[in-house]
$ cat work-v2.cif   # mmCIF, N, CA and C atoms
data_model
loop_
_atom_site.label_atom_id
_atom_site.label_comp_id
_atom_site.auth_asym_id
_atom_site.auth_seq_id
_atom_site.Cartn_x
_atom_site.Cartn_y
_atom_site.Cartn_z
N MET A 26 -1.35 -31.25 3.38
CA MET A 26 -0.94 -30.10 4.20
C MET A 26 -1.05 -28.80 3.41
N LYS A 27 -0.63 -28.81 2.17
CA LYS A 27 -0.66 -27.62 1.35
C LYS A 27 -2.09 -27.11 1.16
N ARG A 28 -3.04 -28.03 0.98
CA ARG A 28 -4.43 -27.65 0.79
C ARG A 28 -4.98 -26.93 2.03
N LYS A 29 -4.60 -27.38 3.20
CA LYS A 29 -5.07 -26.76 4.44
C LYS A 29 -4.58 -25.32 4.54
N ILE A 30 -3.35 -25.08 4.13
CA ILE A 30 -2.81 -23.72 4.15
C ILE A 30 -3.56 -22.84 3.16
N ASN A 31 -3.86 -23.38 1.98
CA ASN A 31 -4.61 -22.62 0.99
C ASN A 31 -6.00 -22.27 1.50
N GLU A 32 -6.64 -23.19 2.20
CA GLU A 32 -7.95 -22.92 2.78
C GLU A 32 -7.86 -21.82 3.83
N THR A 33 -6.82 -21.86 4.62
CA THR A 33 -6.63 -20.83 5.65
C THR A 33 -6.43 -19.46 5.01
N LEU A 34 -5.65 -19.39 3.95
CA LEU A 34 -5.47 -18.13 3.24
C LEU A 34 -6.79 -17.64 2.67
N ALA A 35 -7.58 -18.53 2.09
CA ALA A 35 -8.88 -18.15 1.55
C ALA A 35 -9.80 -17.62 2.65
N GLU A 36 -9.76 -18.26 3.80
CA GLU A 36 -10.58 -17.80 4.92
C GLU A 36 -10.12 -16.43 5.42
N LEU A 37 -8.83 -16.23 5.43
CA LEU A 37 -8.28 -14.93 5.84
C LEU A 37 -8.69 -13.84 4.86
N LEU A 38 -8.58 -14.12 3.57
CA LEU A 38 -8.96 -13.15 2.55
C LEU A 38 -10.46 -12.85 2.59
N ALA A 39 -11.26 -13.88 2.85
CA ALA A 39 -12.71 -13.67 2.98
C ALA A 39 -13.02 -12.79 4.18
N GLY A 40 -12.30 -12.99 5.28
CA GLY A 40 -12.49 -12.15 6.46
C GLY A 40 -12.11 -10.71 6.21
N ILE A 41 -11.03 -10.49 5.45
CA ILE A 41 -10.62 -9.12 5.11
C ILE A 41 -11.69 -8.46 4.26
N PHE A 42 -12.21 -9.20 3.28
CA PHE A 42 -13.26 -8.66 2.41
C PHE A 42 -14.53 -8.34 3.20
N LEU A 43 -14.93 -9.22 4.10
CA LEU A 43 -16.12 -8.96 4.93
C LEU A 43 -15.91 -7.77 5.84
N TRP A 44 -14.69 -7.59 6.35
CA TRP A 44 -14.35 -6.42 7.15
C TRP A 44 -14.59 -5.15 6.33
N GLY A 45 -14.12 -5.16 5.09
CA GLY A 45 -14.32 -4.01 4.21
C GLY A 45 -15.79 -3.76 3.93
N LEU A 46 -16.55 -4.83 3.67
CA LEU A 46 -17.99 -4.67 3.42
C LEU A 46 -18.71 -4.10 4.64
N PHE A 47 -18.34 -4.60 5.81
CA PHE A 47 -18.98 -4.10 7.04
C PHE A 47 -18.76 -2.61 7.20
N TRP A 48 -17.50 -2.17 7.08
CA TRP A 48 -17.21 -0.76 7.29
C TRP A 48 -17.72 0.12 6.15
N GLN A 49 -17.80 -0.44 4.96
CA GLN A 49 -18.39 0.31 3.86
C GLN A 49 -19.87 0.56 4.14
N ALA A 50 -20.57 -0.47 4.57
CA ALA A 50 -22.00 -0.34 4.84
C ALA A 50 -22.27 0.51 6.08
N ALA A 51 -21.46 0.33 7.11
CA ALA A 51 -21.70 1.05 8.38
C ALA A 51 -21.14 2.46 8.36
N GLY A 52 -19.96 2.62 7.77
CA GLY A 52 -19.28 3.90 7.89
C GLY A 52 -19.64 4.94 6.85
N VAL A 53 -20.15 4.52 5.71
CA VAL A 53 -20.40 5.47 4.64
C VAL A 53 -21.49 6.48 5.00
N TRP A 54 -22.32 6.15 5.94
CA TRP A 54 -23.41 7.05 6.33
C TRP A 54 -22.94 8.16 7.26
N PHE A 55 -21.76 8.03 7.84
CA PHE A 55 -21.33 8.97 8.87
C PHE A 55 -20.22 9.92 8.43
N VAL A 56 -19.85 9.89 7.17
CA VAL A 56 -18.77 10.76 6.69
C VAL A 56 -19.30 11.69 5.61
N ALA A 57 -18.69 12.87 5.53
CA ALA A 57 -19.10 13.84 4.52
C ALA A 57 -18.52 13.47 3.15
N GLU A 58 -17.26 13.09 3.13
CA GLU A 58 -16.58 12.73 1.88
C GLU A 58 -16.70 11.22 1.64
N LYS A 59 -17.83 10.81 1.11
CA LYS A 59 -18.10 9.39 0.94
C LYS A 59 -17.15 8.72 -0.06
N ALA A 60 -16.85 9.39 -1.16
CA ALA A 60 -15.97 8.80 -2.18
C ALA A 60 -14.55 8.64 -1.64
N ALA A 61 -14.03 9.65 -0.98
CA ALA A 61 -12.67 9.58 -0.43
C ALA A 61 -12.58 8.52 0.65
N CYS A 62 -13.62 8.40 1.45
CA CYS A 62 -13.64 7.38 2.50
C CYS A 62 -13.67 5.98 1.88
N SER A 63 -14.50 5.80 0.87
CA SER A 63 -14.58 4.49 0.21
C SER A 63 -13.28 4.12 -0.46
N LEU A 64 -12.68 5.09 -1.16
CA LEU A 64 -11.41 4.82 -1.83
C LEU A 64 -10.32 4.47 -0.82
N GLY A 65 -10.27 5.20 0.27
CA GLY A 65 -9.29 4.91 1.32
C GLY A 65 -9.51 3.54 1.93
N LEU A 66 -10.77 3.23 2.24
CA LEU A 66 -11.10 1.94 2.85
C LEU A 66 -10.70 0.79 1.94
N TRP A 67 -11.08 0.84 0.67
CA TRP A 67 -10.81 -0.28 -0.23
C TRP A 67 -9.35 -0.35 -0.64
N SER A 68 -8.65 0.78 -0.60
CA SER A 68 -7.19 0.73 -0.79
C SER A 68 -6.54 -0.01 0.36
N GLY A 69 -7.01 0.25 1.56
CA GLY A 69 -6.50 -0.46 2.74
C GLY A 69 -6.85 -1.93 2.72
N VAL A 70 -8.06 -2.26 2.28
CA VAL A 70 -8.47 -3.67 2.18
C VAL A 70 -7.60 -4.38 1.15
N LEU A 71 -7.34 -3.72 0.01
CA LEU A 71 -6.48 -4.31 -1.01
C LEU A 71 -5.06 -4.53 -0.47
N ALA A 72 -4.54 -3.54 0.24
CA ALA A 72 -3.21 -3.67 0.84
C ALA A 72 -3.18 -4.82 1.84
N SER A 73 -4.26 -4.98 2.61
CA SER A 73 -4.34 -6.09 3.57
C SER A 73 -4.33 -7.44 2.86
N GLY A 74 -5.07 -7.53 1.77
CA GLY A 74 -5.11 -8.77 1.01
C GLY A 74 -3.75 -9.11 0.42
N ILE A 75 -3.06 -8.10 -0.10
CA ILE A 75 -1.72 -8.30 -0.65
C ILE A 75 -0.77 -8.74 0.46
N CYS A 76 -0.88 -8.11 1.62
CA CYS A 76 -0.02 -8.49 2.75
C CYS A 76 -0.29 -9.92 3.20
N ALA A 77 -1.56 -10.32 3.23
CA ALA A 77 -1.89 -11.70 3.64
C ALA A 77 -1.30 -12.70 2.65
N TRP A 78 -1.46 -12.44 1.36
CA TRP A 78 -0.92 -13.33 0.35
C TRP A 78 0.61 -13.38 0.43
N HIS A 79 1.23 -12.21 0.61
CA HIS A 79 2.70 -12.14 0.70
C HIS A 79 3.20 -12.88 1.94
N MET A 80 2.47 -12.76 3.03
CA MET A 80 2.84 -13.47 4.25
C MET A 80 2.77 -14.98 4.03
N TYR A 81 1.72 -15.43 3.36
CA TYR A 81 1.58 -16.86 3.05
C TYR A 81 2.76 -17.35 2.22
N LYS A 82 3.09 -16.61 1.15
CA LYS A 82 4.18 -17.02 0.27
C LYS A 82 5.52 -16.98 1.01
N SER A 83 5.73 -15.96 1.82
CA SER A 83 6.99 -15.81 2.55
C SER A 83 7.19 -16.93 3.56
N LEU A 84 6.14 -17.24 4.30
CA LEU A 84 6.26 -18.32 5.30
C LEU A 84 6.44 -19.67 4.63
N ASP A 85 5.78 -19.87 3.51
CA ASP A 85 5.93 -21.13 2.78
C ASP A 85 7.37 -21.31 2.29
N LYS A 86 7.95 -20.24 1.79
CA LYS A 86 9.33 -20.31 1.31
C LYS A 86 10.33 -20.42 2.47
N ALA A 87 10.03 -19.76 3.57
CA ALA A 87 10.95 -19.78 4.73
C ALA A 87 11.10 -21.18 5.31
N LEU A 88 10.12 -22.02 5.11
CA LEU A 88 10.20 -23.39 5.63
C LEU A 88 11.29 -24.20 4.95
N ASP A 89 11.76 -23.75 3.79
CA ASP A 89 12.83 -24.46 3.08
C ASP A 89 14.22 -24.05 3.54
N PHE A 90 14.33 -23.02 4.37
CA PHE A 90 15.62 -22.50 4.82
C PHE A 90 16.00 -23.09 6.17
N SER A 91 17.27 -22.89 6.52
CA SER A 91 17.70 -23.25 7.87
C SER A 91 17.07 -22.25 8.85
N GLU A 92 17.15 -22.57 10.12
CA GLU A 92 16.50 -21.71 11.12
C GLU A 92 17.03 -20.28 11.07
N LYS A 93 18.33 -20.12 11.00
CA LYS A 93 18.94 -18.79 10.99
C LYS A 93 18.57 -18.02 9.71
N ASP A 94 18.67 -18.70 8.57
CA ASP A 94 18.33 -18.05 7.31
C ASP A 94 16.84 -17.74 7.22
N ALA A 95 16.02 -18.62 7.75
CA ALA A 95 14.57 -18.41 7.73
C ALA A 95 14.19 -17.18 8.55
N GLN A 96 14.86 -17.01 9.68
CA GLN A 96 14.57 -15.85 10.53
C GLN A 96 14.90 -14.55 9.80
N LYS A 97 16.05 -14.51 9.16
CA LYS A 97 16.44 -13.32 8.39
C LYS A 97 15.47 -13.07 7.24
N TYR A 98 15.07 -14.13 6.57
CA TYR A 98 14.18 -14.01 5.43
C TYR A 98 12.81 -13.48 5.87
N VAL A 99 12.28 -14.04 6.94
CA VAL A 99 10.97 -13.63 7.42
C VAL A 99 10.99 -12.17 7.89
N VAL A 100 12.04 -11.77 8.57
CA VAL A 100 12.16 -10.38 9.02
C VAL A 100 12.24 -9.43 7.83
N SER A 101 13.02 -9.79 6.82
CA SER A 101 13.14 -8.91 5.65
C SER A 101 11.81 -8.80 4.91
N ARG A 102 11.07 -9.90 4.81
CA ARG A 102 9.77 -9.86 4.14
C ARG A 102 8.74 -9.09 4.97
N SER A 103 8.86 -9.17 6.27
CA SER A 103 7.98 -8.39 7.14
C SER A 103 8.22 -6.89 6.94
N MET A 104 9.48 -6.51 6.82
CA MET A 104 9.81 -5.11 6.57
C MET A 104 9.26 -4.64 5.22
N MET A 105 9.25 -5.54 4.24
CA MET A 105 8.65 -5.20 2.94
C MET A 105 7.17 -4.90 3.09
N ARG A 106 6.48 -5.69 3.89
CA ARG A 106 5.04 -5.46 4.09
C ARG A 106 4.80 -4.15 4.83
N TYR A 107 5.62 -3.88 5.84
CA TYR A 107 5.48 -2.59 6.53
C TYR A 107 5.76 -1.43 5.58
N GLY A 108 6.70 -1.61 4.69
CA GLY A 108 7.00 -0.59 3.68
C GLY A 108 5.81 -0.35 2.77
N LEU A 109 5.16 -1.44 2.33
CA LEU A 109 3.97 -1.30 1.48
C LEU A 109 2.88 -0.52 2.19
N ILE A 110 2.63 -0.88 3.44
CA ILE A 110 1.59 -0.20 4.21
C ILE A 110 1.95 1.28 4.38
N SER A 111 3.21 1.57 4.66
CA SER A 111 3.64 2.95 4.81
C SER A 111 3.46 3.74 3.52
N ILE A 112 3.80 3.13 2.40
CA ILE A 112 3.66 3.81 1.11
C ILE A 112 2.19 4.08 0.80
N VAL A 113 1.34 3.10 1.03
CA VAL A 113 -0.09 3.29 0.76
C VAL A 113 -0.64 4.43 1.62
N LEU A 114 -0.31 4.42 2.90
CA LEU A 114 -0.79 5.49 3.79
C LEU A 114 -0.22 6.85 3.40
N LEU A 115 1.05 6.87 3.02
CA LEU A 115 1.68 8.12 2.61
C LEU A 115 1.03 8.67 1.34
N VAL A 116 0.77 7.81 0.38
CA VAL A 116 0.11 8.25 -0.86
C VAL A 116 -1.27 8.82 -0.54
N MET A 117 -2.00 8.17 0.34
CA MET A 117 -3.32 8.66 0.72
C MET A 117 -3.23 10.03 1.40
N ALA A 118 -2.24 10.20 2.24
CA ALA A 118 -2.10 11.46 2.97
C ALA A 118 -1.63 12.60 2.07
N VAL A 119 -0.69 12.31 1.17
CA VAL A 119 -0.12 13.37 0.34
C VAL A 119 -1.06 13.77 -0.79
N THR A 120 -1.64 12.80 -1.47
CA THR A 120 -2.48 13.11 -2.62
C THR A 120 -3.88 13.55 -2.23
N GLU A 121 -4.32 13.21 -1.05
CA GLU A 121 -5.67 13.51 -0.57
C GLU A 121 -6.75 12.94 -1.48
N VAL A 122 -6.41 11.87 -2.22
CA VAL A 122 -7.38 11.20 -3.07
C VAL A 122 -8.34 10.38 -2.21
N GLY A 123 -7.79 9.71 -1.24
CA GLY A 123 -8.58 8.91 -0.32
C GLY A 123 -8.30 9.33 1.11
N ASN A 124 -9.15 8.91 1.99
CA ASN A 124 -9.01 9.25 3.40
C ASN A 124 -8.00 8.30 4.05
N PRO A 125 -6.90 8.84 4.60
CA PRO A 125 -5.89 7.97 5.22
C PRO A 125 -6.41 7.22 6.44
N LEU A 126 -7.32 7.80 7.19
CA LEU A 126 -7.86 7.10 8.35
C LEU A 126 -8.73 5.91 7.92
N CYS A 127 -9.49 6.09 6.86
CA CYS A 127 -10.28 4.97 6.33
C CYS A 127 -9.36 3.91 5.73
N CYS A 128 -8.27 4.36 5.13
CA CYS A 128 -7.28 3.42 4.61
C CYS A 128 -6.69 2.60 5.75
N PHE A 129 -6.36 3.24 6.84
CA PHE A 129 -5.84 2.53 8.02
C PHE A 129 -6.87 1.54 8.54
N LEU A 130 -8.14 1.94 8.52
CA LEU A 130 -9.20 1.04 8.94
C LEU A 130 -9.24 -0.20 8.05
N GLY A 131 -9.06 0.00 6.74
CA GLY A 131 -9.01 -1.14 5.83
C GLY A 131 -7.81 -2.03 6.08
N ILE A 132 -6.67 -1.42 6.38
CA ILE A 132 -5.46 -2.19 6.67
C ILE A 132 -5.64 -3.01 7.95
N MET A 133 -6.38 -2.49 8.89
CA MET A 133 -6.63 -3.23 10.13
C MET A 133 -7.51 -4.46 9.89
N GLY A 134 -8.05 -4.56 8.68
CA GLY A 134 -8.81 -5.76 8.31
C GLY A 134 -7.97 -7.02 8.39
N LEU A 135 -6.67 -6.89 8.17
CA LEU A 135 -5.79 -8.05 8.29
C LEU A 135 -5.76 -8.56 9.73
N LYS A 136 -5.70 -7.66 10.68
CA LYS A 136 -5.71 -8.05 12.09
C LYS A 136 -7.06 -8.65 12.47
N ALA A 137 -8.13 -7.98 12.06
CA ALA A 137 -9.47 -8.46 12.39
C ALA A 137 -9.72 -9.83 11.77
N ALA A 138 -9.28 -10.00 10.53
CA ALA A 138 -9.49 -11.28 9.84
C ALA A 138 -8.72 -12.41 10.52
N ALA A 139 -7.57 -12.10 11.08
CA ALA A 139 -6.81 -13.12 11.81
C ALA A 139 -7.59 -13.59 13.03
N TYR A 140 -8.24 -12.66 13.71
CA TYR A 140 -9.05 -13.05 14.88
C TYR A 140 -10.34 -13.75 14.46
N LEU A 141 -10.88 -13.37 13.31
CA LEU A 141 -12.13 -13.94 12.84
C LEU A 141 -11.94 -15.26 12.08
N GLN A 142 -10.70 -15.64 11.80
CA GLN A 142 -10.43 -16.82 10.99
C GLN A 142 -11.07 -18.10 11.53
N PRO A 143 -11.07 -18.37 12.83
CA PRO A 143 -11.75 -19.59 13.30
C PRO A 143 -13.25 -19.58 12.98
N PHE A 144 -13.89 -18.43 13.07
CA PHE A 144 -15.31 -18.33 12.74
C PHE A 144 -15.52 -18.48 11.23
N MET A 145 -14.64 -17.87 10.45
CA MET A 145 -14.71 -18.01 8.99
C MET A 145 -14.49 -19.47 8.60
N HIS A 146 -13.62 -20.16 9.32
CA HIS A 146 -13.36 -21.57 9.03
C HIS A 146 -14.64 -22.39 9.22
N LYS A 147 -15.35 -22.15 10.32
CA LYS A 147 -16.59 -22.88 10.57
C LYS A 147 -17.62 -22.60 9.49
N ILE A 148 -17.75 -21.35 9.10
CA ILE A 148 -18.73 -20.97 8.08
C ILE A 148 -18.37 -21.60 6.74
N MET A 149 -17.11 -21.49 6.34
CA MET A 149 -16.70 -22.02 5.05
C MET A 149 -16.69 -23.54 5.04
N GLU A 150 -16.43 -24.15 6.18
CA GLU A 150 -16.46 -25.61 6.27
C GLU A 150 -17.88 -26.12 6.06
N LYS A 151 -18.86 -25.43 6.60
CA LYS A 151 -20.27 -25.81 6.40
C LYS A 151 -20.66 -25.67 4.93
N ARG A 152 -20.13 -24.64 4.26
CA ARG A 152 -20.43 -24.43 2.84
C ARG A 152 -19.80 -25.50 1.98
N ARG A 153 -18.65 -26.03 2.40
CA ARG A 153 -17.94 -27.05 1.62
C ARG A 153 -18.66 -28.39 1.66
N ARG A 154 -19.42 -28.63 2.70
CA ARG A 154 -20.10 -29.93 2.86
C ARG A 154 -21.27 -30.06 1.97
#

$ encode --input "work-v2.cif" --output "structure tokens"
Amino acid sequence: MKRKINETLAELLAGIFLWGLFWQAAGVWFVAEKAACSLGLWSGVLASGICAWHMYKSLDKALDFSEKDAQKYVVSRSMMRYGLISIVLLVMAVTEVGNPLCCFLGIMGLKAAAYLQPFMHKIMEKRRR
């Protein structure tokens, strides 16, 4: 069972990375500030990867708690992830080092990867054979 969860996390992380590659290749041609856009995008992709890993660890640990305690634990860890995303976006907006909209696009890689996970599973399963 544990191995299957690890494979799912790997597929999710691969989907997030491919999301970043797609938008890097497609979007870099349409913006004036290419460096700021790239930095924002990959900061968002990194934040998405951290959130995916944190979600995996949190859910794995929550399975050891009672139902009531698990619910509290999962909600508190979810708030931590929202806090991370807020901090990353705030830093991008205040420092103007990276583009906050591109950062948000990178963060949305977590959502896209969740939808793409069944397709990533098929691709990675073929590679494993």

$ atom_distance --input "work-v2.cif" --atom1 "atom CA of Phe129 of chain A" --atom2 "atom CA of Val70 of chain A"
8.9 Å

$ atom_distance --input "work-v2.cif" --atom1 "atom C of Val56 of chain A" --atom2 "atom CA of Leu37 of chain A"
28.8 Å

$ closest_residue --input "work-v2.cif" --among "A:Leu66, A:Ala39, A:Tyr98, A:Cys128" --to "Ala51 of chain A" --atoms "only C-alpha atoms"
A:Leu66

$ residues_around --input "work-v2.cif" --residues "His146 of chain A" --least-positions-apart "6" --cutoff "8 Å" --atoms "all atoms listed in the file" --output "JSON, numbers by chain"
{"A": [32, 33, 36, 37, 152]}

$ residues_around --input "work-v2.cif" --residues "segment 58-63 of chain A" --least-positions-apart "4" --cutoff "6 Å" --atoms "all atoms listed in the file" --output "PDB file with N, CA and C atoms, in the coordinates of the input"
ATOM      1  N   VAL A  53     -20.150   4.520   5.710  1.00  0.00           N
ATOM      2  CA  VAL A  53     -20.400   5.470   4.640  1.00  0.00           C
ATOM      3  C   VAL A  53     -21.490   6.480   5.000  1.00  0.00           C
ATOM      4  N   TRP A  67     -11.080   0.840   0.670  1.00  0.00           N
ATOM      5  CA  TRP A  67     -10.810  -0.280  -0.230  1.00  0.00           C
ATOM      6  C   TRP A  67      -9.350  -0.350  -0.640  1.00  0.00           C
ATOM      7  N   SER A  68      -8.650   0.780  -0.600  1.00  0.00           N
ATOM      8  CA  SER A  68      -7.190   0.730  -0.790  1.00  0.00           C
ATOM      9  C   SER A  68      -6.540  -0.010   0.360  1.00  0.00           C
ATOM     10  N   VAL A 122      -6.410  11.870  -2.220  1.00  0.00           N
ATOM     11  CA  VAL A 122      -7.380  11.200  -3.070  1.00  0.00           C
ATOM     12  C   VAL A 122      -8.340  10.380  -2.210  1.00  0.00           C
ATOM     13  N   GLY A 123      -7.790   9.710  -1.240  1.00  0.00           N
ATOM     14  CA  GLY A 123      -8.580   8.910  -0.320  1.00  0.00           C
ATOM     15  C   GLY A 123      -8.300   9.330   1.110  1.00  0.00           C
ATOM     16  N   ASN A 124      -9.150   8.910   1.990  1.00  0.00           N
ATOM     17  CA  ASN A 124      -9.010   9.250   3.400  1.00  0.00           C
ATOM     18  C   ASN A 124      -8.000   8.300   4.050  1.00  0.00           C
ATOM     19  N   CYS A 127      -9.490   6.090   6.860  1.00  0.00           N
ATOM     20  CA  CYS A 127     -10.280   4.970   6.330  1.00  0.00           C
ATOM     21  C   CYS A 127      -9.360   3.910   5.730  1.00  0.00           C
TER      22      CYS A 127
END

$ resolve_selection --input "work-v2.cif" --expression "the PyMOL selection byres (((chain A and resi 114 and name CA) around 10) and name CA)" --output "PyMOL selection string"
chain A and resi 65+68-69+72+108-113+115-119+123-129+132

$ closest_residue --input "work-v2.cif" --among "A:Leu64, A:Leu88, A:Cys76, A:Ala35" --to "Leu135 of chain A" --atoms "only N, CA and C atoms"
A:Cys76

$ atom_distance --input "work-v2.cif" --atom1 "atom CA of Phe42 of chain A" --atom2 "atom CA of Met133 of chain A"
11.5 Å

$ closest_residue --input "work-v2.cif" --among "A:Arg106, A:Leu43, A:Leu141, A:Thr120" --to "Ile75 of chain A" --atoms "only N, CA and C atoms"
A:Arg106

$ select_by_dssp --input "work-v2.cif" --residues "segment 81-123 of chain A" --states "alpha helix (DSSP H)" --output "NGL selection string"
:A and (81-87 or 92-120)

$ closest_residue --input "work-v2.cif" --among "A:Tyr107, A:Phe55, A:Trp44, A:Phe90" --to "Ala137 of chain A" --atoms "only N, CA and C atoms"
A:Trp44

$ residues_near_point --input "work-v2.cif" --point "(4.3, -10.2, 6.7)" --cutoff "7 Å" --atoms "all atoms listed in the file" --output "list in words"
Cys76, Ala77, His79, Met80, Tyr81, Arg102, Ser103, Met104, Arg106 and Tyr107 of chain A

$ build_atoms --input "work-v2.cif" --residues "segment 80-88 of chain A" --atoms "all heavy atoms" --output "PDB file, keeping the file's coordinate frame"
ATOM      1  N   MET A  80       2.470 -12.760   3.030  1.00  0.00           N
ATOM      2  CA  MET A  80       2.840 -13.470   4.250  1.00  0.00           C
ATOM      3  C   MET A  80       2.770 -14.980   4.030  1.00  0.00           C
ATOM      4  O   MET A  80       3.666 -15.720   4.455  1.00  0.00           O
ATOM      5  CB  MET A  80       1.888 -13.065   5.389  1.00  0.00           C
ATOM      6  CG  MET A  80       2.422 -13.288   6.758  1.00  0.00           C
ATOM      7  SD  MET A  80       1.305 -12.763   8.085  1.00  0.00           S
ATOM      8  CE  MET A  80       0.582 -11.265   7.489  1.00  0.00           C
ATOM      9  N   TYR A  81       1.720 -15.430   3.360  1.00  0.00           N
ATOM     10  CA  TYR A  81       1.580 -16.860   3.050  1.00  0.00           C
ATOM     11  C   TYR A  81       2.760 -17.350   2.220  1.00  0.00           C
ATOM     12  O   TYR A  81       3.369 -18.374   2.535  1.00  0.00           O
ATOM     13  CB  TYR A  81       0.262 -17.091   2.321  1.00  0.00           C
ATOM     14  CG  TYR A  81       0.188 -18.414   1.612  1.00  0.00           C
ATOM     15  CD1 TYR A  81       0.026 -19.597   2.331  1.00  0.00           C
ATOM     16  CD2 TYR A  81       0.267 -18.500   0.231  1.00  0.00           C
ATOM     17  CE1 TYR A  81      -0.032 -20.822   1.690  1.00  0.00           C
ATOM     18  CE2 TYR A  81       0.208 -19.711  -0.415  1.00  0.00           C
ATOM     19  CZ  TYR A  81       0.052 -20.872   0.315  1.00  0.00           C
ATOM     20  OH  TYR A  81       0.000 -22.078  -0.323  1.00  0.00           O
ATOM     21  N   LYS A  82       3.090 -16.610   1.150  1.00  0.00           N
ATOM     22  CA  LYS A  82       4.180 -17.020   0.270  1.00  0.00           C
ATOM     23  C   LYS A  82       5.520 -16.980   1.010  1.00  0.00           C
ATOM     24  O   LYS A  82       6.358 -17.861   0.844  1.00  0.00           O
ATOM     25  CB  LYS A  82       4.249 -16.110  -0.966  1.00  0.00           C
ATOM     26  CG  LYS A  82       3.145 -16.347  -1.942  1.00  0.00           C
ATOM     27  CD  LYS A  82       3.273 -17.727  -2.504  1.00  0.00           C
ATOM     28  CE  LYS A  82       2.445 -17.897  -3.737  1.00  0.00           C
ATOM     29  NZ  LYS A  82       2.511 -19.257  -4.247  1.00  0.00           N
ATOM     30  N   SER A  83       5.730 -15.960   1.820  1.00  0.00           N
ATOM     31  CA  SER A  83       6.990 -15.810   2.550  1.00  0.00           C
ATOM     32  C   SER A  83       7.190 -16.930   3.560  1.00  0.00           C
ATOM     33  O   SER A  83       8.287 -17.494   3.665  1.00  0.00           O
ATOM     34  CB  SER A  83       7.039 -14.466   3.267  1.00  0.00           C
ATOM     35  OG  SER A  83       6.975 -13.406   2.356  1.00  0.00           O
ATOM     36  N   LEU A  84       6.140 -17.240   4.300  1.00  0.00           N
ATOM     37  CA  LEU A  84       6.260 -18.320   5.300  1.00  0.00           C
ATOM     38  C   LEU A  84       6.440 -19.670   4.630  1.00  0.00           C
ATOM     39  O   LEU A  84       7.194 -20.517   5.127  1.00  0.00           O
ATOM     40  CB  LEU A  84       5.033 -18.326   6.212  1.00  0.00           C
ATOM     41  CG  LEU A  84       4.918 -17.139   7.164  1.00  0.00           C
ATOM     42  CD1 LEU A  84       3.595 -17.184   7.905  1.00  0.00           C
ATOM     43  CD2 LEU A  84       6.077 -17.096   8.124  1.00  0.00           C
ATOM     44  N   ASP A  85       5.780 -19.870   3.510  1.00  0.00           N
ATOM     45  CA  ASP A  85       5.930 -21.130   2.780  1.00  0.00           C
ATOM     46  C   ASP A  85       7.370 -21.310   2.290  1.00  0.00           C
ATOM     47  O   ASP A  85       7.947 -22.386   2.406  1.00  0.00           O
ATOM     48  CB  ASP A  85       4.955 -21.161   1.601  1.00  0.00           C
ATOM     49  CG  ASP A  85       4.899 -22.517   0.935  1.00  0.00           C
ATOM     50  OD1 ASP A  85       4.877 -23.534   1.660  1.00  0.00           O
ATOM     51  OD2 ASP A  85       4.869 -22.559  -0.307  1.00  0.00           O
ATOM     52  N   LYS A  86       7.950 -20.240   1.790  1.00  0.00           N
ATOM     53  CA  LYS A  86       9.330 -20.310   1.310  1.00  0.00           C
ATOM     54  C   LYS A  86      10.330 -20.420   2.470  1.00  0.00           C
ATOM     55  O   LYS A  86      11.343 -21.104   2.348  1.00  0.00           O
ATOM     56  CB  LYS A  86       9.651 -19.086   0.462  1.00  0.00           C
ATOM     57  CG  LYS A  86      10.971 -19.186  -0.259  1.00  0.00           C
ATOM     58  CD  LYS A  86      11.158 -18.067  -1.255  1.00  0.00           C
ATOM     59  CE  LYS A  86      12.491 -18.234  -1.964  1.00  0.00           C
ATOM     60  NZ  LYS A  86      12.701 -17.208  -2.974  1.00  0.00           N
ATOM     61  N   ALA A  87      10.030 -19.760   3.570  1.00  0.00           N
ATOM     62  CA  ALA A  87      10.950 -19.780   4.730  1.00  0.00           C
ATOM     63  C   ALA A  87      11.100 -21.180   5.310  1.00  0.00           C
ATOM     64  O   ALA A  87      12.118 -21.485   5.933  1.00  0.00           O
ATOM     65  CB  ALA A  87      10.459 -18.821   5.805  1.00  0.00           C
ATOM     66  N   LEU A  88      10.120 -22.020   5.110  1.00  0.00           N
ATOM     67  CA  LEU A  88      10.200 -23.390   5.630  1.00  0.00           C
ATOM     68  C   LEU A  88      11.290 -24.200   4.950  1.00  0.00           C
ATOM     69  O   LEU A  88      11.719 -25.230   5.480  1.00  0.00           O
ATOM     70  CB  LEU A  88       8.848 -24.095   5.470  1.00  0.00           C
ATOM     71  CG  LEU A  88       7.724 -23.544   6.335  1.00  0.00           C
ATOM     72  CD1 LEU A  88       6.412 -24.226   5.987  1.00  0.00           C
ATOM     73  CD2 LEU A  88       8.038 -23.703   7.808  1.00  0.00           C
TER      74      LEU A  88
END
